[in-house]
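Asks: Data file final.csv (CSV, C-alpha atoms) is appended below.
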```csv
chain,number,residue,atom,x,y,z
S,1,GLU,CA,15.7,-9.5,-0.8
S,2,ASP,CA,14.5,-5.9,-0.8
S,3,GLN,CA,14.4,-4.2,2.6
S,4,VAL,CA,12.9,-0.9,3.8
S,5,THR,CA,13.5,0.6,7.2
S,6,GLN,CA,11.7,3.7,8.4
S,7,SER,CA,12.6,6.0,11.3
S,8,PRO,CA,11.4,7.1,13.6
S,9,GLU,CA,8.5,4.8,14.4
S,10,ALA,CA,6.6,7.7,15.8
S,11,LEU,CA,7.0,11.4,15.7
S,12,ARG,CA,5.1,14.0,17.6
S,13,LEU,CA,5.3,17.6,16.4
S,14,GLN,CA,3.8,20.9,17.4
S,15,GLU,CA,1.9,22.6,14.7
S,16,GLY,CA,4.3,24.6,12.6
S,17,GLU,CA,7.3,22.6,13.7
S,18,SER,CA,9.1,21.2,10.6
S,19,SER,CA,10.8,17.9,10.5
S,20,SER,CA,11.9,14.9,8.4
S,21,LEU,CA,11.0,11.2,8.1
S,22,ASN,CA,13.7,8.8,7.0
S,23,CYS,CA,13.4,5.7,4.7
S,24,SER,CA,16.5,3.6,4.2
S,25,TYR,CA,16.4,0.9,1.6
S,26,THR,CA,18.2,-1.9,-0.1
S,27,VAL,CA,17.0,-3.1,-3.4
S,28,SER,CA,18.3,-4.9,-6.5
S,29,GLY,CA,17.9,-2.3,-9.2
S,30,LEU,CA,15.5,0.4,-8.1
S,31,ARG,CA,12.4,0.7,-10.2
S,32,GLY,CA,10.9,3.3,-7.9
S,33,LEU,CA,10.6,4.5,-4.3
S,34,PHE,CA,7.1,5.4,-3.2
S,35,TRP,CA,5.6,7.4,-0.4
S,36,TYR,CA,2.1,6.8,0.9
S,37,ARG,CA,0.0,8.3,3.6
S,38,GLN,CA,-2.4,6.0,5.6
S,39,ASP,CA,-5.1,7.2,7.9
S,40,PRO,CA,-6.5,4.8,10.5
S,41,GLY,CA,-8.8,2.2,9.0
S,42,LYS,CA,-8.2,3.3,5.5
S,43,GLY,CA,-6.0,2.2,2.5
S,44,PRO,CA,-2.8,4.0,1.7
S,45,GLU,CA,-3.1,7.2,-0.3
S,46,PHE,CA,-0.4,7.7,-3.0
S,47,LEU,CA,1.9,10.7,-2.4
S,48,PHE,CA,5.1,10.5,-4.5
S,49,THR,CA,7.2,8.3,-6.7
S,50,LEU,CA,10.9,8.9,-7.0
S,51,TYR,CA,13.0,7.1,-9.6
S,52,SER,CA,16.7,8.2,-9.3
S,53,ALA,CA,19.1,9.8,-6.8
S,54,GLY,CA,18.9,13.5,-6.7
S,55,GLU,CA,15.2,13.6,-7.6
S,56,GLU,CA,12.8,15.7,-5.5
S,57,LYS,CA,9.1,16.1,-5.5
S,58,GLU,CA,6.8,18.5,-3.6
S,59,LYS,CA,3.1,18.5,-2.7
S,60,GLU,CA,1.8,21.2,-0.4
S,61,ARG,CA,3.8,21.0,2.8
S,62,LEU,CA,5.5,17.7,1.8
S,63,LYS,CA,8.8,17.3,-0.1
S,64,ALA,CA,10.4,14.0,-0.9
S,65,THR,CA,14.0,13.5,-1.8
S,66,LEU,CA,16.1,10.5,-2.8
S,67,THR,CA,19.7,9.3,-2.5
S,68,LYS,CA,21.1,5.9,-3.5
S,69,LYS,CA,20.5,4.6,0.0
S,70,GLU,CA,17.7,6.6,1.5
S,71,SER,CA,14.7,8.9,1.0
S,72,PHE,CA,13.5,11.7,3.2
S,73,LEU,CA,10.0,13.1,3.5
S,74,HIS,CA,10.3,16.7,4.7
S,75,ILE,CA,7.3,18.2,6.3
S,76,THR,CA,7.3,22.0,6.5
S,77,ALA,CA,5.1,23.8,9.0
S,78,PRO,CA,2.8,20.8,9.6
S,79,LYS,CA,-0.9,21.1,10.5
S,80,PRO,CA,-3.0,18.7,12.6
S,81,GLU,CA,-4.5,17.3,9.4
S,82,ASP,CA,-1.1,16.0,8.4
S,83,SER,CA,-1.3,13.5,11.3
S,84,ALA,CA,-1.2,10.0,9.7
S,85,THR,CA,1.1,7.1,9.2
S,86,TYR,CA,3.6,7.7,6.4
S,87,LEU,CA,4.7,4.6,4.5
S,88,CYS,CA,7.7,4.1,2.3
S,89,ALA,CA,7.9,1.3,-0.3
S,90,VAL,CA,10.3,0.2,-3.0
S,91,SER,CA,9.9,-1.7,-6.2
S,92,GLY,CA,13.0,-3.5,-7.6
S,93,ALA,CA,13.9,-4.3,-11.2
S,94,GLY,CA,11.9,-7.1,-12.8
S,95,SER,CA,8.9,-6.7,-10.5
S,96,TYR,CA,6.1,-4.3,-9.8
S,97,GLN,CA,5.7,-5.7,-6.3
S,98,LEU,CA,6.1,-3.3,-3.4
S,99,THR,CA,8.1,-3.9,-0.3
S,100,PHE,CA,6.9,-1.7,2.5
S,101,GLY,CA,8.6,-0.3,5.6
S,102,LYS,CA,6.7,-0.3,8.9
S,103,GLY,CA,5.8,3.3,8.6
S,104,THR,CA,6.2,6.5,10.7
S,105,LYS,CA,3.2,7.5,12.7
S,106,LEU,CA,3.1,11.3,12.7
S,107,SER,CA,1.1,13.3,15.3
S,108,VAL,CA,0.8,17.0,14.9
S,109,ILE,CA,-0.4,18.8,18.0
S,110,PRO,CA,-2.3,22.1,17.7
B,111,GLY,CA,-8.3,9.6,-11.5
B,112,ALA,CA,-6.8,6.3,-10.3
B,113,VAL,CA,-9.7,5.3,-8.0
B,114,VAL,CA,-9.9,1.8,-6.5
B,115,SER,CA,-12.9,0.6,-4.6
B,116,GLN,CA,-13.4,-2.4,-2.3
B,117,HIS,CA,-16.6,-4.1,-1.2
B,118,PRO,CA,-17.5,-4.8,1.4
B,119,SER,CA,-15.8,-2.2,3.7
B,120,TRP,CA,-16.3,-4.5,6.6
B,121,VAL,CA,-17.6,-8.0,7.3
B,122,ILE,CA,-18.2,-10.1,10.3
B,123,CYS,CA,-18.7,-13.8,9.8
B,124,LYS,CA,-18.8,-17.1,11.7
B,125,SER,CA,-15.8,-19.5,11.8
B,126,GLY,CA,-15.9,-21.9,8.9
B,127,THR,CA,-17.8,-19.7,6.5
B,128,SER,CA,-16.3,-18.2,3.3
B,129,VAL,CA,-16.1,-14.5,2.5
B,130,LYS,CA,-15.6,-12.8,-0.8
B,131,ILE,CA,-14.0,-9.4,-1.2
B,132,GLU,CA,-14.2,-7.4,-4.4
B,133,CYS,CA,-11.6,-5.0,-5.7
B,134,ARG,CA,-12.5,-2.7,-8.6
B,135,SER,CA,-10.5,-0.1,-10.6
B,136,LEU,CA,-13.1,2.5,-11.4
B,137,ASP,CA,-11.4,4.8,-13.9
B,138,PHE,CA,-8.6,2.8,-15.3
B,139,GLN,CA,-7.8,-0.8,-16.5
B,140,ALA,CA,-5.6,-2.9,-14.4
B,141,THR,CA,-3.8,-6.0,-15.8
B,142,THR,CA,-2.2,-6.5,-12.4
B,143,MET,CA,-3.8,-6.2,-8.9
B,144,PHE,CA,-2.2,-7.0,-5.6
B,145,TRP,CA,-3.7,-8.2,-2.3
B,146,TYR,CA,-2.3,-7.2,1.0
B,147,ARG,CA,-3.1,-8.0,4.6
B,148,GLN,CA,-2.4,-5.6,7.5
B,149,PHE,CA,-2.5,-6.6,11.1
B,150,PRO,CA,-2.9,-3.9,13.8
B,151,LYS,CA,0.0,-1.5,14.1
B,152,GLN,CA,1.9,-3.4,11.4
B,153,SER,CA,2.7,-2.6,7.8
B,154,LEU,CA,1.2,-4.1,4.7
B,155,MET,CA,2.2,-7.6,3.8
B,156,LEU,CA,1.8,-8.8,0.2
B,157,MET,CA,-0.3,-11.9,-0.1
B,158,ALA,CA,-0.6,-12.4,-3.8
B,159,THR,CA,-0.3,-10.8,-7.2
B,160,SER,CA,-3.4,-11.1,-9.4
B,161,ASN,CA,-3.0,-11.1,-13.1
B,162,GLU,CA,-6.0,-10.7,-15.5
B,163,GLY,CA,-6.7,-13.9,-17.3
B,164,SER,CA,-4.1,-16.1,-15.5
B,165,LYS,CA,-3.5,-17.7,-12.1
B,166,ALA,CA,-2.5,-15.6,-9.2
B,167,THR,CA,1.1,-15.7,-7.8
B,168,TYR,CA,1.1,-16.2,-4.0
B,169,GLU,CA,3.8,-15.1,-1.6
B,170,GLN,CA,5.6,-17.7,0.5
B,171,GLY,CA,3.5,-18.9,3.4
B,172,VAL,CA,0.2,-17.8,1.9
B,173,GLU,CA,-2.2,-20.8,1.3
B,174,LYS,CA,-3.6,-20.6,-2.2
B,175,ASP,CA,-6.4,-23.0,-1.4
B,176,LYS,CA,-7.5,-20.8,1.5
B,177,PHE,CA,-7.2,-17.5,-0.2
B,178,LEU,CA,-8.7,-17.9,-3.7
B,179,ILE,CA,-8.1,-15.1,-6.1
B,180,ASN,CA,-9.9,-14.5,-9.4
B,181,HIS,CA,-9.1,-11.7,-11.8
B,182,ALA,CA,-11.7,-12.2,-14.5
B,183,SER,CA,-11.6,-8.7,-16.1
B,184,LEU,CA,-9.4,-5.7,-16.4
B,185,THR,CA,-11.3,-3.9,-13.6
B,186,LEU,CA,-12.2,-6.6,-11.1
B,187,SER,CA,-10.3,-8.9,-8.9
B,188,THR,CA,-11.9,-10.9,-6.1
B,189,LEU,CA,-10.4,-12.5,-2.9
B,190,THR,CA,-12.3,-15.3,-1.3
B,191,VAL,CA,-11.3,-16.4,2.2
B,192,THR,CA,-12.5,-20.0,2.5
B,193,SER,CA,-13.3,-21.6,5.8
B,194,ALA,CA,-12.4,-18.5,7.7
B,195,HIS,CA,-11.1,-18.8,11.2
B,196,PRO,CA,-10.5,-16.1,13.9
B,197,GLU,CA,-6.8,-15.9,12.9
B,198,ASP,CA,-7.8,-14.7,9.5
B,199,SER,CA,-9.3,-11.6,11.0
B,200,SER,CA,-7.4,-8.7,9.5
B,201,PHE,CA,-7.5,-5.7,7.3
B,202,TYR,CA,-7.4,-6.7,3.7
B,203,ILE,CA,-6.3,-4.1,1.1
B,204,CYS,CA,-6.0,-4.4,-2.7
B,205,SER,CA,-4.1,-2.3,-5.1
B,206,ALA,CA,-4.0,-1.9,-8.9
B,207,ARG,CA,-1.6,-0.8,-11.6
B,208,ASP,CA,-2.8,1.3,-14.5
B,209,ALA,CA,-2.3,-1.1,-17.5
B,210,TRP,CA,-2.0,1.8,-20.0
B,211,ALA,CA,0.2,4.2,-18.2
B,212,SER,CA,3.3,5.1,-20.2
B,213,GLY,CA,6.9,5.3,-19.4
B,214,THR,CA,8.9,5.0,-16.2
B,215,SER,CA,8.1,8.6,-15.3
B,216,GLY,CA,4.4,8.2,-15.6
B,217,ARG,CA,1.9,6.1,-13.5
B,218,ARG,CA,3.2,2.8,-14.8
B,219,ASN,CA,5.1,1.8,-11.7
B,220,GLU,CA,2.6,3.2,-9.2
B,221,GLN,CA,0.0,1.2,-7.3
B,222,PHE,CA,-3.3,2.7,-6.2
B,223,PHE,CA,-4.9,1.3,-3.2
B,224,GLY,CA,-8.5,0.6,-2.2
B,225,PRO,CA,-10.0,1.7,1.1
B,226,GLY,CA,-9.6,-1.8,2.6
B,227,THR,CA,-11.9,-4.4,4.0
B,228,ARG,CA,-12.0,-5.2,7.7
B,229,LEU,CA,-12.7,-8.9,8.3
B,230,THR,CA,-13.7,-10.2,11.7
B,231,VAL,CA,-14.2,-13.9,12.1
B,232,LEU,CA,-16.0,-14.9,15.3
```
With the file now loaded, output its structure as structure tokens.

Replies:
Amino acid sequence: EDQVTQSPEALRLQEGESSSLNCSYTVSGLRGLFWYRQDPGKGPEFLFTLYSAGEEKEKERLKATLTKKESFLHITAPKPEDSATYLCAVSGAGSYQLTFGKGTKLSVIP
Amino acid sequence: GAVVSQHPSWVICKSGTSVKIECRSLDFQATTMFWYRQFPKQSLMLMATSNEGSKATYEQGVEKDKFLINHASLTLSTLTVTSAHPEDSSFYICSARDAWASGTSGRRNEQFFGPGTRLTVL
């Protein structure tokens, strides 16, 4: 059974204070690891897909990295508009279904 | 690109009534759509996988006679909550895969989510 654990559950940062979110996973044959952003009362917004260890992807202030056991979402100099819940999900071999972690709620204080 | 819509965005109904939620892929075709349920402060839980032209596959513990899924075209899937009760109140979200995306490095493995439907059963 695929499992995803995200930490911390909540993170409070000052504007401009960089940090990282962690996603640990176990999956039988990784098809892909996905990061989403979810704002309250809305559906998840796609951010990144990572496929193999060592892969990195960037988008504005966000950078996602992947190892064989975990993924990190690095946030550089965050702004208040980066406040959201960040969800990590995996898809294993033979299935396009996603298994989600519980998310990290990020709050960026001006 | 990759826009998914849901209708309605919210609905309030009386206990015992049925509610239909639509999920549409607006700018791509989706052979597979997924339905999730999300309770407050919890993550998304997959309810069922909807395949165009065939029966949906339900996750363990999800009643298929209560949550009817129809995927009649490559751009539309519907979820009907039959005889809704207060415990069915939740945030229902659909997602869709691009049927024609190519390769493992493209959009083929990615799911794009709708904005969600808030269901409140009184």

Asks: Which value, in Å to one decimal, gives the distance between atom CA of Glu169 of chain B and atom CA of Met155 of chain B?

Replies: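 These two atoms are separated by 9.4 Å.
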
Asks: Please provide as a list in words all residues within 9 Å of Ser187 of chain B, with the sequence filter that same-chain residues fewer than 3 positions apart are discarded (counting all atoms listed in the file).

Replies: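 Residues near the query, excluding close chain neighbours: Ile131, Glu132, Cys133, Arg134, Ser135, Met143, Phe144, Ser160, Asn161, Glu162, Ile179, Asn180, His181, Ala182, Ser183, Leu184 and Cys204 of chain B.
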
Asks: Let's have the selection written as a PDB file, in the frame of the given file, with C-alpha atoms.

Replies:
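Result file is again-v3.pdb:
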```pdb
ATOM      1  CA  ILE B 131     -14.000  -9.400  -1.200  1.00  0.00           C
ATOM      2  CA  GLU B 132     -14.200  -7.400  -4.400  1.00  0.00           C
ATOM      3  CA  CYS B 133     -11.600  -5.000  -5.700  1.00  0.00           C
ATOM      4  CA  ARG B 134     -12.500  -2.700  -8.600  1.00  0.00           C
ATOM      5  CA  SER B 135     -10.500  -0.100 -10.600  1.00  0.00           C
ATOM      6  CA  MET B 143      -3.800  -6.200  -8.900  1.00  0.00           C
ATOM      7  CA  PHE B 144      -2.200  -7.000  -5.600  1.00  0.00           C
ATOM      8  CA  SER B 160      -3.400 -11.100  -9.400  1.00  0.00           C
ATOM      9  CA  ASN B 161      -3.000 -11.100 -13.100  1.00  0.00           C
ATOM     10  CA  GLU B 162      -6.000 -10.700 -15.500  1.00  0.00           C
ATOM     11  CA  ILE B 179      -8.100 -15.100  -6.100  1.00  0.00           C
ATOM     12  CA  ASN B 180      -9.900 -14.500  -9.400  1.00  0.00           C
ATOM     13  CA  HIS B 181      -9.100 -11.700 -11.800  1.00  0.00           C
ATOM     14  CA  ALA B 182     -11.700 -12.200 -14.500  1.00  0.00           C
ATOM     15  CA  SER B 183     -11.600  -8.700 -16.100  1.00  0.00           C
ATOM     16  CA  LEU B 184      -9.400  -5.700 -16.400  1.00  0.00           C
ATOM     17  CA  CYS B 204      -6.000  -4.400  -2.700  1.00  0.00           C
TER      18      CYS B 204
END
```

Asks: For chain S, list the residues within 12 Å of chain B, counting only C-alpha atoms, and write the list as a VMD selection string.

Replies: chain S and resid 4 to 6 9 to 10 30 to 52 55 85 to 105

Asks: What does the structure give for the distance between atom CA of Glu70 of chain S and atom CA of Ile109 of chain S, in Å to one decimal?

Replies: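 So the two atoms, atom CA of Glu70 of chain S and atom CA of Ile109 of chain S, lie 27.4 Å apart.
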
Asks: Please return as a PyMOL selection string every residue within 6 Å of (-15.2, -22.8, 4.3), taking into account only C-alpha atoms and the file's own coordinates.

Replies: chain B and resi 126-128+192-193

Asks: One decimal, Å: what's the distance from atom CA of Ala209 of chain B over to atom CA of Tyr146 of chain B, could you say?

Replies: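 Separating atom CA of Ala209 of chain B from atom CA of Tyr146 of chain B is a distance of 19.5 Å.
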
Asks: Would you mind writing segment 129-143 of chain B with N, CA and C atoms, as a short mmCIF file (atom, residue, chain, number, x, y, z; two decimals), in the frame of the given file?

Replies:
```
data_model
loop_
_atom_site.label_atom_id
_atom_site.label_comp_id
_atom_site.auth_asym_id
_atom_site.auth_seq_id
_atom_site.Cartn_x
_atom_site.Cartn_y
_atom_site.Cartn_z
N VAL B 129 -15.82 -15.93 2.76
CA VAL B 129 -16.10 -14.50 2.50
C VAL B 129 -15.42 -14.05 1.25
N LYS B 130 -16.16 -13.32 0.42
CA LYS B 130 -15.60 -12.80 -0.80
C LYS B 130 -15.45 -11.30 -0.74
N ILE B 131 -14.28 -10.82 -1.15
CA ILE B 131 -14.00 -9.40 -1.20
C ILE B 131 -13.71 -8.98 -2.61
N GLU B 132 -14.36 -7.90 -3.05
CA GLU B 132 -14.20 -7.40 -4.40
C GLU B 132 -13.28 -6.19 -4.45
N CYS B 133 -12.47 -6.11 -5.47
CA CYS B 133 -11.60 -5.00 -5.70
C CYS B 133 -11.81 -4.50 -7.14
N ARG B 134 -12.19 -3.24 -7.30
CA ARG B 134 -12.50 -2.70 -8.60
C ARG B 134 -11.65 -1.44 -8.91
N SER B 135 -11.08 -1.37 -10.11
CA SER B 135 -10.50 -0.10 -10.60
C SER B 135 -11.59 0.63 -11.31
N LEU B 136 -11.91 1.84 -10.87
CA LEU B 136 -13.10 2.50 -11.40
C LEU B 136 -12.86 3.36 -12.63
N ASP B 137 -11.67 3.90 -12.77
CA ASP B 137 -11.40 4.80 -13.90
C ASP B 137 -10.19 4.45 -14.69
N PHE B 138 -9.73 3.22 -14.53
CA PHE B 138 -8.60 2.80 -15.30
C PHE B 138 -8.65 1.24 -15.40
N GLN B 139 -7.90 0.69 -16.33
CA GLN B 139 -7.80 -0.80 -16.50
C GLN B 139 -6.57 -1.28 -15.80
N ALA B 140 -6.68 -2.40 -15.15
CA ALA B 140 -5.60 -2.90 -14.40
C ALA B 140 -5.31 -4.39 -14.76
N THR B 141 -4.19 -4.64 -15.45
CA THR B 141 -3.80 -6.00 -15.80
C THR B 141 -3.32 -6.73 -14.51
N THR B 142 -2.80 -5.95 -13.58
CA THR B 142 -2.20 -6.50 -12.40
C THR B 142 -2.85 -5.87 -11.14
N MET B 143 -3.33 -6.68 -10.24
CA MET B 143 -3.80 -6.20 -8.90
C MET B 143 -3.07 -6.97 -7.85
#
```
